[in-house]
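Everything below belongs to work-v1.cif, which stores mmCIF, C-alpha atoms.
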data_model
#
loop_
_atom_site.label_atom_id
_atom_site.label_comp_id
_atom_site.auth_asym_id
_atom_site.auth_seq_id
_atom_site.Cartn_x
_atom_site.Cartn_y
_atom_site.Cartn_z
CA MET Q 1 -35.38 -5.88 20.92
CA TRP Q 2 -38.86 -6.89 19.89
CA ARG Q 3 -41.61 -9.45 20.32
CA ARG Q 4 -43.68 -10.80 17.48
CA CYS Q 5 -47.42 -10.23 17.80
CA SER Q 6 -49.34 -13.39 16.95
CA LEU Q 7 -52.26 -11.51 15.41
CA ALA Q 8 -49.96 -9.35 13.34
CA TRP Q 9 -47.94 -12.36 12.22
CA ASN Q 10 -50.99 -14.32 11.06
CA GLY Q 11 -52.07 -11.38 8.95
CA ARG Q 12 -48.60 -10.48 7.77
CA ARG Q 13 -48.92 -11.34 4.11
CA ARG Q 14 -52.40 -9.85 3.78
CA PHE Q 15 -51.25 -6.60 5.36
CA SER Q 16 -48.02 -6.49 3.37
CA THR Q 17 -49.90 -6.53 0.07
CA ALA Q 18 -52.13 -3.70 1.23
CA VAL Q 19 -49.37 -1.14 1.77
CA ARG Q 20 -47.06 0.58 -0.67
CA ARG Q 21 -43.78 -1.31 -0.72
CA ARG Q 22 -40.43 -0.58 -2.27
CA ILE Q 23 -39.19 -3.54 -4.24
CA ASP Q 24 -35.63 -2.53 -3.45
CA ASP Q 25 -36.15 -2.90 0.32
CA GLU Q 26 -34.24 -6.05 1.22
CA GLY Q 27 -35.41 -5.58 4.80
CA ASP Q 28 -39.11 -5.79 3.95
CA TRP Q 29 -41.09 -7.78 6.54
CA SER Q 30 -42.08 -10.27 3.84
CA PHE Q 31 -38.51 -11.63 4.11
CA SER Q 32 -38.83 -12.25 7.86
CA SER Q 33 -39.69 -15.90 7.32
CA GLU Q 34 -36.09 -16.36 6.14
CA TRP Q 35 -34.60 -15.47 9.53
CA TRP Q 36 -37.35 -15.94 12.14
CA GLY Q 37 -36.80 -19.72 12.36
CA THR Q 38 -35.60 -21.82 15.26
CA GLU Q 39 -32.00 -22.70 16.05
CA SER Q 40 -32.36 -25.89 14.02
CA ASP Q 41 -33.29 -23.87 10.91
CA GLY Q 42 -30.00 -21.99 10.89
CA HIS Q 43 -26.51 -22.64 12.21
CA THR Q 44 -24.78 -21.06 15.18
CA VAL Q 45 -21.72 -18.99 14.34
CA LEU Q 46 -21.13 -17.56 17.82
CA ARG Q 47 -22.20 -18.61 21.29
CA SER Q 48 -20.94 -17.47 24.68
CA ALA Q 49 -22.19 -16.61 28.19
CA SER Q 50 -22.55 -12.95 29.11
CA ASP Q 51 -21.60 -11.57 32.51
CA LYS Q 52 -23.70 -8.43 31.95
CA GLY Q 53 -27.17 -9.89 32.44
CA ASN Q 54 -27.78 -11.05 28.87
CA GLY Q 55 -27.53 -14.78 29.57
CA VAL Q 56 -26.30 -16.88 26.66
CA VAL Q 57 -25.48 -14.65 23.70
CA SER Q 58 -25.55 -16.35 20.32
CA VAL Q 59 -25.56 -15.42 16.64
CA LEU Q 60 -27.40 -17.66 14.17
CA ALA Q 61 -26.96 -17.57 10.39
CA TYR Q 62 -29.76 -18.10 7.85
CA PRO Q 63 -29.62 -18.03 4.02
CA SER Q 64 -30.82 -14.84 2.32
CA SER Q 65 -32.61 -14.90 -1.03
CA LYS Q 66 -31.60 -11.32 -1.88
CA PRO Q 67 -29.59 -10.11 -3.66
CA SER Q 68 -29.79 -12.95 -6.16
CA GLU Q 69 -26.57 -14.40 -7.55
CA MET Q 70 -27.04 -12.61 -10.88
CA HIS Q 71 -26.24 -9.32 -9.08
CA TRP Q 72 -23.06 -10.47 -7.35
CA ALA Q 73 -20.77 -9.67 -10.30
CA GLY Q 74 -21.74 -6.01 -10.13
CA MET Q 75 -20.83 -5.83 -6.46
CA GLU Q 76 -17.53 -7.60 -7.15
CA ARG Q 77 -16.66 -4.93 -9.73
CA TRP Q 78 -17.59 -2.17 -7.29
CA LEU Q 79 -15.35 -3.69 -4.61
CA GLU Q 80 -12.47 -3.90 -7.09
CA GLN Q 81 -12.94 -0.25 -8.05
CA ARG Q 82 -12.97 0.80 -4.43
CA TYR Q 83 -9.85 -1.26 -3.69
CA ALA Q 84 -8.04 0.47 -6.57
CA GLU Q 85 -9.01 3.85 -5.09
CA VAL Q 86 -7.84 2.89 -1.59
CA ARG Q 87 -4.71 0.99 -2.69
CA PRO Q 88 -3.56 2.54 -5.98
CA GLY Q 89 -1.02 0.41 -7.79
CA CYS Q 90 -2.23 -2.78 -6.09
CA GLU Q 91 -5.15 -3.50 -8.39
CA ASP Q 92 -4.09 -7.11 -8.98
CA ASP Q 93 -4.54 -7.80 -5.26
CA GLY Q 94 -8.04 -6.35 -5.27
CA ARG Q 95 -10.04 -8.87 -7.25
CA PHE Q 96 -12.94 -9.90 -5.07
CA LYS Q 97 -15.17 -12.94 -5.04
CA ILE Q 98 -18.53 -12.90 -3.23
CA LEU Q 99 -19.37 -16.06 -1.32
CA GLY Q 100 -22.98 -15.08 -0.61
CA TYR Q 101 -25.38 -13.22 1.65
CA GLN Q 102 -26.85 -14.27 4.99
CA TRP Q 103 -29.13 -13.08 7.73
CA ARG Q 104 -27.42 -12.98 11.12
CA ALA Q 105 -29.71 -13.00 14.18
CA LEU Q 106 -28.41 -12.03 17.61
CA ARG Q 107 -30.19 -13.84 20.44
CA PHE Q 108 -30.19 -13.70 24.22
CA ASN Q 109 -30.93 -16.86 26.20
CA GLU Q 110 -31.61 -18.98 23.10
CA ASP Q 111 -35.02 -17.50 22.31
CA THR Q 112 -35.11 -13.71 22.62
CA ARG Q 113 -34.25 -12.14 19.28
CA GLN Q 114 -32.21 -9.04 20.03
CA SER Q 115 -31.50 -7.93 16.47
CA THR Q 116 -31.15 -9.13 12.89
CA VAL Q 117 -28.84 -7.90 10.14
CA LYS Q 118 -27.89 -8.92 6.62
CA VAL Q 119 -24.23 -9.59 5.83
CA MET Q 120 -22.17 -10.18 2.72
CA ALA Q 121 -19.20 -12.57 2.75
CA ALA Q 122 -16.38 -11.96 0.27
CA TYR Q 123 -12.66 -12.56 -0.16
CA ARG Q 124 -9.75 -11.33 -2.29
CA GLN Q 125 -8.78 -13.92 -4.89
CA SER Q 126 -5.09 -13.22 -4.32
CA GLU Q 127 -5.58 -14.25 -0.69
CA PRO Q 128 -8.40 -16.83 -0.39
CA ALA Q 129 -8.08 -16.88 3.40
CA SER Q 130 -8.94 -13.17 3.56
CA ILE Q 131 -12.67 -13.73 4.05
CA CYS Q 132 -14.44 -10.63 5.32
CA LEU Q 133 -17.96 -10.17 6.63
CA ILE Q 134 -19.66 -6.90 5.71
CA GLN Q 135 -22.96 -5.76 7.17
CA GLN Q 136 -25.38 -4.31 4.60
CA PRO Q 137 -26.13 -0.78 5.85
CA HIS Q 138 -29.19 -0.24 3.65
CA CYS Q 139 -31.11 -3.12 5.23
CA LEU Q 140 -33.26 -2.67 8.35
CA ALA Q 141 -34.85 -6.07 8.88
CA VAL Q 142 -36.96 -5.38 11.96
CA PRO Q 143 -40.05 -3.09 11.80
CA TYR Q 144 -39.40 -1.29 15.08
CA LEU Q 145 -36.10 0.07 13.72
CA LYS Q 146 -37.89 1.48 10.68
CA SER Q 147 -40.44 2.96 13.06
CA MET Q 148 -37.74 4.64 15.16
CA VAL Q 149 -36.03 6.03 12.06
CA SER Q 150 -39.30 7.23 10.50
CA VAL Q 151 -40.77 8.99 13.52
CA GLY Q 152 -37.42 10.27 14.76
CA LEU Q 153 -36.16 11.89 11.56
CA ALA Q 154 -39.56 13.27 10.56
CA THR Q 155 -39.96 14.80 14.03
CA ILE Q 156 -36.56 16.47 14.25
CA ALA Q 157 -37.06 17.85 10.74
CA SER Q 158 -40.41 19.24 11.92
CA CYS Q 159 -38.57 20.91 14.81
CA GLY Q 160 -36.55 23.03 12.39
CA PHE Q 161 -33.34 21.01 12.28
CA ASP Q 162 -31.59 21.41 8.91
CA ILE Q 163 -31.61 17.76 7.91
CA ASN Q 164 -30.98 18.66 4.27
CA ASN Q 165 -27.50 20.03 4.96
CA ALA Q 166 -26.85 17.22 7.44
CA ALA Q 167 -27.75 14.63 4.80
CA HIS Q 168 -25.21 16.14 2.39
CA GLY Q 169 -22.46 16.45 4.98
CA LYS Q 170 -22.63 20.25 5.20
CA LYS Q 171 -23.83 20.22 8.79
CA THR Q 172 -22.95 17.93 11.70
CA MET Q 173 -25.77 15.92 13.25
CA ASN Q 174 -24.78 14.56 16.65
CA ILE Q 175 -26.59 11.32 17.49
CA LEU Q 176 -26.44 9.08 20.56
CA CYS Q 177 -27.55 5.44 20.33
CA ILE Q 178 -28.02 3.67 23.67
CA GLY Q 179 -28.02 -0.07 23.05
CA HIS Q 180 -26.05 -1.53 20.15
CA GLY Q 181 -27.20 -5.05 19.27
CA GLY Q 182 -25.96 -5.85 15.78
CA GLY Q 183 -25.47 -2.16 15.00
CA SER Q 184 -27.89 -1.88 12.07
CA LEU Q 185 -29.51 1.34 13.34
CA PRO Q 186 -26.34 3.49 13.70
CA LEU Q 187 -24.91 2.03 10.50
CA PHE Q 188 -28.08 2.86 8.57
CA LEU Q 189 -28.15 6.42 9.93
CA ALA Q 190 -24.47 7.04 9.21
CA SER Q 191 -24.78 5.72 5.66
CA ARG Q 192 -27.84 7.87 4.87
CA ILE Q 193 -26.81 11.08 6.67
CA LYS Q 194 -23.31 12.16 5.63
CA GLY Q 195 -23.06 14.67 8.46
CA ALA Q 196 -24.10 12.22 11.18
CA VAL Q 197 -21.57 11.65 13.97
CA ILE Q 198 -22.85 8.76 16.06
CA HIS Q 199 -21.85 7.75 19.58
CA ILE Q 200 -23.02 4.23 20.49
CA VAL Q 201 -23.17 2.96 24.07
CA GLU Q 202 -23.31 -0.78 24.82
CA ILE Q 203 -22.84 -2.27 28.28
CA ASP Q 204 -21.94 -5.80 27.17
CA PRO Q 205 -18.51 -6.38 25.57
CA LEU Q 206 -19.77 -9.72 24.28
CA VAL Q 207 -22.47 -7.96 22.23
CA ILE Q 208 -19.87 -5.58 20.83
CA SER Q 209 -17.62 -8.51 19.90
CA ALA Q 210 -20.52 -10.42 18.32
CA SER Q 211 -21.54 -7.43 16.19
CA ILE Q 212 -18.03 -7.13 14.77
CA LYS Q 213 -16.94 -10.76 14.45
CA ALA Q 214 -20.25 -12.32 13.43
CA MET Q 215 -22.41 -9.45 12.12
CA GLY Q 216 -20.01 -7.37 10.03
CA PHE Q 217 -20.04 -4.10 12.00
CA PRO Q 218 -16.96 -1.90 11.35
CA ALA Q 219 -14.21 -2.74 13.88
CA PHE Q 220 -12.68 0.73 13.58
CA SER Q 221 -15.67 2.13 15.51
CA VAL Q 222 -14.56 0.57 18.83
CA MET Q 223 -13.37 3.06 21.46
CA THR Q 224 -11.19 2.52 24.53
CA PRO Q 225 -12.16 3.66 28.07
CA SER Q 226 -9.77 6.60 27.62
CA GLY Q 227 -11.73 7.81 24.60
CA GLU Q 228 -9.24 6.75 21.94
CA ARG Q 229 -9.76 4.49 18.97
CA ALA Q 230 -9.01 0.86 19.80
CA PHE Q 231 -7.36 0.58 16.36
CA SER Q 232 -4.93 3.24 15.19
CA LYS Q 233 -6.12 2.95 11.61
CA PRO Q 234 -8.98 1.21 9.82
CA SER Q 235 -8.53 -2.10 8.05
CA THR Q 236 -8.34 -2.15 4.28
CA ILE Q 237 -11.78 -3.69 3.97
CA ASP Q 238 -13.26 -0.99 6.23
CA GLU Q 239 -11.78 1.66 3.95
CA VAL Q 240 -12.96 -0.15 0.83
CA MET Q 241 -16.50 -0.81 1.99
CA TRP Q 242 -17.43 2.14 4.16
CA LYS Q 243 -15.94 5.14 2.31
CA GLY Q 244 -15.47 7.10 5.55
CA THR Q 245 -18.74 6.05 7.23
CA HIS Q 246 -16.76 4.04 9.81
CA GLU Q 247 -14.90 7.19 10.84
CA ARG Q 248 -18.16 8.76 12.07
CA LEU Q 249 -19.06 5.83 14.33
CA TYR Q 250 -17.83 5.70 17.94
CA LEU Q 251 -18.70 2.53 19.85
CA TYR Q 252 -18.23 2.70 23.64
CA GLU Q 253 -18.43 -0.14 26.15
CA SER Q 254 -20.22 1.50 29.05
CA ASP Q 255 -23.28 1.54 31.26
CA ALA Q 256 -25.70 4.07 29.75
CA GLU Q 257 -26.20 6.01 32.97
CA LYS Q 258 -22.47 6.24 33.63
CA TYR Q 259 -21.78 7.36 30.06
CA VAL Q 260 -24.33 10.15 30.17
CA LEU Q 261 -23.23 11.30 33.63
CA ASP Q 262 -19.56 11.38 32.61
CA ASN Q 263 -20.06 13.38 29.41
CA THR Q 264 -21.13 16.89 28.46
CA ASN Q 265 -21.85 16.27 24.78
CA LEU Q 266 -24.80 18.00 23.15
CA TYR Q 267 -26.93 15.69 21.00
CA ASP Q 268 -29.45 16.52 18.32
CA MET Q 269 -31.00 13.04 18.51
CA VAL Q 270 -30.98 10.16 20.98
CA PHE Q 271 -32.15 6.63 20.16
CA ILE Q 272 -32.71 4.26 23.10
CA ASP Q 273 -33.15 0.50 22.67
CA ALA Q 274 -31.79 -1.11 25.80
CA TYR Q 275 -33.61 -4.29 26.86
CA ASP Q 276 -31.54 -6.86 28.71
CA GLY Q 277 -31.41 -10.65 28.53
CA GLU Q 278 -34.58 -10.92 30.63
CA ASP Q 279 -36.40 -8.63 28.18
CA ILE Q 280 -36.60 -5.82 30.74
CA PHE Q 281 -36.01 -2.11 30.15
CA PRO Q 282 -33.89 -1.01 33.16
CA ARG Q 283 -35.73 1.29 35.54
CA THR Q 284 -32.73 3.62 35.76
CA LEU Q 285 -33.35 4.54 32.11
CA TRP Q 286 -36.93 5.70 32.61
CA ASP Q 287 -37.51 6.62 36.26
CA SER Q 288 -38.21 10.36 36.45
CA SER Q 289 -36.10 10.63 39.60
CA SER Q 290 -33.09 8.90 38.04
CA GLN Q 291 -29.83 10.71 37.38
CA PHE Q 292 -29.89 9.33 33.84
CA LEU Q 293 -32.90 11.33 32.64
CA LYS Q 294 -31.74 14.49 34.38
CA ALA Q 295 -28.30 14.25 32.77
CA LEU Q 296 -29.81 13.35 29.39
CA SER Q 297 -31.97 16.47 29.58
CA ASN Q 298 -28.84 18.60 29.85
CA GLN Q 299 -27.30 16.90 26.81
CA LEU Q 300 -30.33 17.26 24.54
CA HIS Q 301 -30.29 20.21 22.15
CA PRO Q 302 -32.60 22.91 23.60
CA ARG Q 303 -34.19 23.95 20.29
CA HIS Q 304 -34.76 20.68 18.40
CA GLY Q 305 -33.48 17.80 20.56
CA THR Q 306 -35.43 14.60 19.86
CA VAL Q 307 -35.42 11.33 21.81
CA VAL Q 308 -36.82 8.07 20.41
CA VAL Q 309 -37.32 5.06 22.71
CA ASN Q 310 -38.19 1.50 21.69
CA LEU Q 311 -40.67 -0.09 24.12
CA HIS Q 312 -42.70 -3.25 24.28
CA SER Q 313 -46.36 -2.51 23.67
CA ASP Q 314 -49.36 -3.53 25.75
CA SER Q 315 -52.02 -2.14 23.40
CA GLU Q 316 -52.81 -5.44 21.67
CA ILE Q 317 -53.11 -7.71 24.71
CA LEU Q 318 -55.07 -5.73 27.29
CA ASN Q 319 -58.33 -7.11 28.66
CA PRO Q 320 -61.55 -5.79 27.02
CA ASP Q 321 -62.00 -3.39 29.94
CA GLY Q 322 -58.47 -2.03 29.48
CA SER Q 323 -57.03 -3.70 32.54
CA VAL Q 324 -53.69 -5.52 32.52
CA PRO Q 325 -53.88 -9.33 32.19
CA SER Q 326 -52.33 -11.25 35.08
CA PHE Q 327 -49.85 -12.94 32.72
CA LEU Q 328 -48.56 -9.65 31.29
CA PRO Q 329 -45.54 -9.24 33.60
CA GLN Q 330 -44.27 -12.65 32.46
CA ILE Q 331 -44.93 -12.03 28.76
CA LEU Q 332 -44.13 -8.33 28.32
CA PRO Q 333 -42.34 -7.03 31.41
CA MET Q 334 -42.41 -3.41 30.19
CA GLY Q 335 -45.75 -3.29 28.44
CA ARG Q 336 -47.71 -2.01 31.43
CA TYR Q 337 -45.33 0.92 31.88
CA VAL Q 338 -45.48 2.46 28.39
CA SER Q 339 -47.68 5.40 29.39
CA GLY Q 340 -45.68 5.92 32.58
CA ILE Q 341 -42.40 5.96 30.69
CA GLY Q 342 -43.82 8.48 28.26
CA ARG Q 343 -44.85 10.82 31.06
CA ALA Q 344 -41.48 10.43 32.79
CA TYR Q 345 -39.54 11.34 29.65
CA LYS Q 346 -41.85 14.23 28.86
CA ASP Q 347 -41.79 15.61 32.40
CA VAL Q 348 -38.00 15.51 32.72
CA LEU Q 349 -36.98 16.48 29.18
CA LEU Q 350 -39.63 19.14 28.57
CA GLY Q 351 -40.85 20.25 31.97
CA ASN Q 352 -37.67 21.59 33.55
CA GLY Q 353 -37.40 24.90 31.76
CA SER Q 354 -34.50 23.80 29.57
CA CYS Q 355 -36.38 24.09 26.27
CA GLY Q 356 -35.49 27.62 25.21
CA GLY Q 357 -36.50 28.84 28.64
CA LYS Q 358 -40.17 27.90 28.25
CA GLU Q 359 -41.31 25.17 30.59
CA GLY Q 360 -43.33 22.47 28.88
CA SER Q 361 -42.50 23.44 25.29
CA GLY Q 362 -42.23 20.57 22.84
CA LEU Q 363 -44.31 17.41 22.99
CA GLY Q 364 -44.36 13.65 23.32
CA PHE Q 365 -46.19 10.95 21.38
CA SER Q 366 -46.10 7.24 20.73
CA VAL Q 367 -46.87 5.06 17.72
CA SER Q 368 -47.55 1.36 17.38
CA VAL Q 369 -45.13 -0.66 15.28
CA PRO Q 370 -46.76 -2.75 12.53
CA TRP Q 371 -46.35 -6.55 12.69
CA VAL Q 372 -44.67 -6.67 16.11
CA CYS Q 373 -45.70 -5.78 19.66
CA ASN Q 374 -43.55 -2.68 20.02
CA THR Q 375 -44.15 1.01 20.55
CA SER Q 376 -41.92 3.91 19.51
CA LEU Q 377 -41.98 6.75 22.04
CA VAL Q 378 -40.89 10.20 20.84
CA VAL Q 379 -40.20 13.28 22.95
CA CYS Q 380 -39.01 16.43 21.17
CA ARG Q 381 -38.18 20.04 21.80
CA GLY Q 382 -38.98 22.95 19.50
CA LEU Q 383 -41.88 21.64 17.41
CA ARG Q 384 -44.07 24.62 16.51
CA ILE Q 385 -47.77 23.79 16.10
CA SER Q 386 -49.98 26.83 15.51
CA GLY Q 387 -53.14 24.93 16.43
CA GLY Q 388 -51.80 23.74 19.76
CA TYR Q 389 -49.97 20.67 21.03
CA SER Q 390 -53.17 18.93 22.14
CA ASN Q 391 -54.57 18.54 18.62
CA ARG Q 392 -53.58 14.96 17.74
CA ASP Q 393 -54.48 15.13 14.05
CA LEU Q 394 -52.69 18.43 13.54
CA VAL Q 395 -49.51 17.17 15.18
CA MET Q 396 -49.61 13.86 13.26
CA ASN Q 397 -50.24 15.55 9.91
CA THR Q 398 -47.40 18.01 10.52
CA ILE Q 399 -44.99 15.13 11.09
CA LEU Q 400 -46.44 13.10 8.21
CA SER Q 401 -45.92 15.93 5.72
CA LYS Q 402 -42.31 16.31 6.81
CA SER Q 403 -41.74 12.56 6.55
CA LEU Q 404 -42.36 12.70 2.80
CA GLU Q 405 -39.53 15.23 2.46
CA VAL Q 406 -37.20 13.12 4.63
CA GLU Q 407 -38.06 9.97 2.70
CA THR Q 408 -37.15 11.58 -0.62
CA LEU Q 409 -34.09 13.42 0.69
CA LEU Q 410 -32.51 10.29 2.20
CA ASN Q 411 -33.79 7.95 -0.53
CA LEU Q 412 -35.19 5.61 2.07
CA PRO Q 413 -36.01 2.11 0.80
CA PHE Q 414 -39.28 2.08 2.77
CA SER Q 415 -42.21 4.40 3.27
CA CYS Q 416 -42.36 6.29 6.58
CA LEU Q 417 -46.12 6.82 6.45
CA GLN Q 418 -47.22 3.44 7.79
CA TYR Q 419 -44.84 3.75 10.75
CA ILE Q 420 -46.10 7.20 11.75
CA LYS Q 421 -49.85 6.73 11.25
CA SER Q 422 -50.13 3.49 13.22
CA GLY Q 423 -51.62 4.07 16.67
CA PHE Q 424 -50.49 7.69 16.98
CA ILE Q 425 -51.15 8.87 20.57
CA LEU Q 426 -50.07 12.08 22.26
CA VAL Q 427 -48.44 11.75 25.68
CA ASP Q 428 -50.53 13.54 28.31
#
Show me the file's structure as C-alpha cells.
Amino acid sequence: MWRRCSLAWNGRRRFSTAVRRRIDDEGDWSFSSEWWGTESDGHTVLRSASDKGNGVVSVLAYPSSKPSEMHWAGMERWLEQRYAEVRPGCEDDGRFKILGYQWRALRFNEDTRQSTVKVMAAYRQSEPASICLIQQPHCLAVPYLKSMVSVGLATIASCGFDINNAAHGKKTMNILCIGHGGGSLPLFLASRIKGAVIHIVEIDPLVISASIKAMGFPAFSVMTPSGERAFSKPSTIDEVMWKGTHERLYLYESDAEKYVLDNTNLYDMVFIDAYDGEDIFPRTLWDSSSQFLKALSNQLHPRHGTVVVNLHSDSEILNPDGSVPSFLPQILPMGRYVSGIGRAYKDVLLGNGSCGGKEGSGLGFSVSVPWVCNTSLVVCRGLRISGGYSNRDLVMNTILSKSLEVETLLNLPFSCLQYIKSGFILVD
C-alpha cells in the first residue's frame, strides 16, 4: 500500500525524463496517470464489504495504452502455440482472441489504493464465453514494489546467496510474502526467478478472491487450511499462460502472526507489505516484544536471510526542526514509527545470536521510494563489509554494484539504481 507524495507527483514528468528508463517497462511511473484516477474515471468490476478490517474492498478497471493493438496478434499466436503444447491434438480449440488490456486497481474504503496490476483479457474462438483474465507478471506498476525488489534482491545477492542458480531453476529460493493485494510482487518474483518457491499470506479472503476473479492471479495457488491445494489440478489457461510458475505459488488465508507461529519453514527472503483498511501497519508485526518477530527470526536463513518491509515515510513532511506535525497521525499513521520499526527488526533479527552465532552480525538500512511517500526497510544477515557496517557509502556502493548484476541476470525491465540510491540510511 502506498500514498502519493504531492511534491513528487508535481515533479513526476520532469524527474522521469532525468533518469534512465527502459522503454519496455509497461509499469513505468509515466503510465500512472492511466490508473490513478477517481472512481468516475474507471468502472467498478468488484465491490464488497470486508469483515477483516479492510472496509469496502473494490476493484476498478481503467484502459491501458500498452501494449498497443498492433502487438496483440503476436500474443495470440503465442497463446495458440502454448495451447497446442498443453493440449496436443486439440489445436483447433486453441485459437485465441485478445479483447484488450486494462489496469485493475484494488482499493480499500473507496480511496486507499492497495495495489495496481495490468491484466489481459482473452477468449478461445471455439468457445466465446471462455473469457479469461490474465495478470501480466512483467509489470510492476507501483514504485514501492520496484524498490522492494531492487533493494531486496541486490542485498541477498550481496550476502552470498547464489541468485544465479536460483534464477535458472538450479537452486531453490524460499520466499515468504506477507500481504497479498493483487499479487503482482510474488508473481513477478516467480516469473523472474525459476527456482523461487513463494508462500503468500493474506488475512482477508475477500482480497484473495478479488485478486483471482478481478485481477488475474493464478487460482491454482490457493491453499486450504490443511495445507492442500484448493484445486486438484490447474485450469487449462493456468497451464497455458504460466508454464509452471503457478505451481511455485502457495497462497494461504491466514493471520501473519499465526502463520509464522504455526510453521517451521526456513526462508531466504521475506517481503512484508501488510497495511489494513485504515492504512495502519499492525503493531504485532513490528513490536520487538511480539511473538511474530521472534518466530520470524527463527525462520530466517542464518547466513543470508533478508527481510524487506514496505512502510509509509515521514521524511518529506516533517517540520523544519525535524519534529512530527500534529496532523501526521491522521495522514500517515505509520510515518512517525519508521525509525522505531527499523530498530525493532534489527534488534530481534540480528541481535539474538542467531546469525551464525555472532550477535549483531548483518545490518539494516532504509531507502526512500521515488514519486511516493514510502520507505523500504531492509534487514539482512551475512553481508560482509570489510570497511565496517557503519560506513554508509561503502555499504550502499556494495549493494549498488551487486544490483547491476541482478538487473542483467533477471533481465529486469527497470533500473535498480534509482531505488537503492534514494535516501539511503543505515539503521542505528
Report the residues retrieved by the PyMOL selection byres ((chain Q and resi 72) around 12) from the displayed file, expressed as JSON, numbers by chain.
{"Q": [66, 67, 68, 69, 70, 71, 73, 74, 75, 76, 77, 78, 79, 96, 97, 98, 99, 100, 101, 120, 121, 122]}
Name the residues that the PyMOL selection byres ((chain Q and resi 38-51) around 9) picks from the file above, as a PyMOL selection string, using the file's chain letters and numbers.
chain Q and resi 35-37+52-63+104+109-111+204-207+210+213-214
What does the structure give for the distance between CA of Gln291 in chain Q and CA of Gly182 in chain Q, in Å to one decimal?
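That distance, rounded to one decimal, is 27.5 Å.
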Once the PyMOL selection byres ((chain Q and resi 29) around 8) is applied to the coordinates I shared, what remains selected? I want it as a list in words.
Ser16, Gly27, Asp28, Ser30, Phe31, Ser32, Ala141, Val142 and Pro143 of chain Q
Could you pull out every residue with an atom within 10 Å of (-30.7, -6.9, 28.9), file coordinates, counting only C-alpha atoms, and send them as a count of residues only?
20
Restricting the calculation to only C-alpha atoms: of Q:Val369, Q:Val86, Q:Leu394, Q:Val427, which residue gets closest to Tyr345 in chain Q?
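Checking each of Q:Val369, Q:Val86, Q:Leu394, Q:Val427 against Tyr345 in chain Q, counting only C-alpha atoms, the winner is Q:Val427.
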For CA of Phe217 in chain Q and CA of Leu410 in chain Q, the interatomic separation in Å (one decimal)
21.4 Å
Which is closer to Ser147 in chain Q than all the others in Q:Gln125, Q:Leu185, Q:Asp24, Q:Cys90, using only C-alpha atoms?
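Once distances to Ser147 in chain Q are computed over only C-alpha atoms, the minimum belongs to Q:Leu185.
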What would range 131-146 of chain Q look like with N, CA and C atoms restored, written as a compact mmCIF listing (two decimals), keeping the file's coordinate frame?
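Dumped to part_0.txt:
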# COMPACT_ATOMS: atom_id res chain seq x y z
N ILE Q 131 -11.21 -13.86 4.08
CA ILE Q 131 -12.67 -13.73 4.05
C ILE Q 131 -13.11 -12.62 5.01
N CYS Q 132 -13.94 -11.74 4.50
CA CYS Q 132 -14.44 -10.63 5.32
C CYS Q 132 -15.96 -10.67 5.34
N LEU Q 133 -16.51 -10.21 6.43
CA LEU Q 133 -17.96 -10.17 6.63
C LEU Q 133 -18.37 -8.70 6.69
N ILE Q 134 -19.28 -8.31 5.82
CA ILE Q 134 -19.66 -6.90 5.71
C ILE Q 134 -21.15 -6.74 5.91
N GLN Q 135 -21.54 -6.01 6.95
CA GLN Q 135 -22.96 -5.76 7.17
C GLN Q 135 -23.51 -4.84 6.08
N GLN Q 136 -24.73 -5.10 5.65
CA GLN Q 136 -25.38 -4.31 4.60
C GLN Q 136 -26.13 -3.14 5.23
N PRO Q 137 -25.59 -1.92 5.11
CA PRO Q 137 -26.13 -0.78 5.85
C PRO Q 137 -27.51 -0.31 5.39
N HIS Q 138 -27.91 -0.70 4.18
CA HIS Q 138 -29.19 -0.24 3.65
C HIS Q 138 -30.36 -1.07 4.15
N CYS Q 139 -30.08 -2.15 4.87
CA CYS Q 139 -31.11 -3.12 5.23
C CYS Q 139 -31.48 -3.05 6.71
N LEU Q 140 -32.70 -2.61 7.00
CA LEU Q 140 -33.26 -2.67 8.35
C LEU Q 140 -34.30 -3.77 8.35
N ALA Q 141 -34.00 -4.89 8.99
CA ALA Q 141 -34.85 -6.07 8.88
C ALA Q 141 -36.04 -6.06 9.82
N VAL Q 142 -35.95 -5.30 10.92
CA VAL Q 142 -36.96 -5.38 11.96
C VAL Q 142 -37.83 -4.12 11.93
N PRO Q 143 -39.16 -4.25 11.94
CA PRO Q 143 -40.05 -3.09 11.80
C PRO Q 143 -39.84 -1.99 12.83
N TYR Q 144 -39.50 -2.35 14.08
CA TYR Q 144 -39.40 -1.29 15.08
C TYR Q 144 -38.24 -0.34 14.78
N LEU Q 145 -37.20 -0.82 14.10
CA LEU Q 145 -36.10 0.07 13.72
C LEU Q 145 -36.55 1.06 12.66
N LYS Q 146 -37.34 0.58 11.70
CA LYS Q 146 -37.89 1.48 10.68
C LYS Q 146 -38.84 2.50 11.31
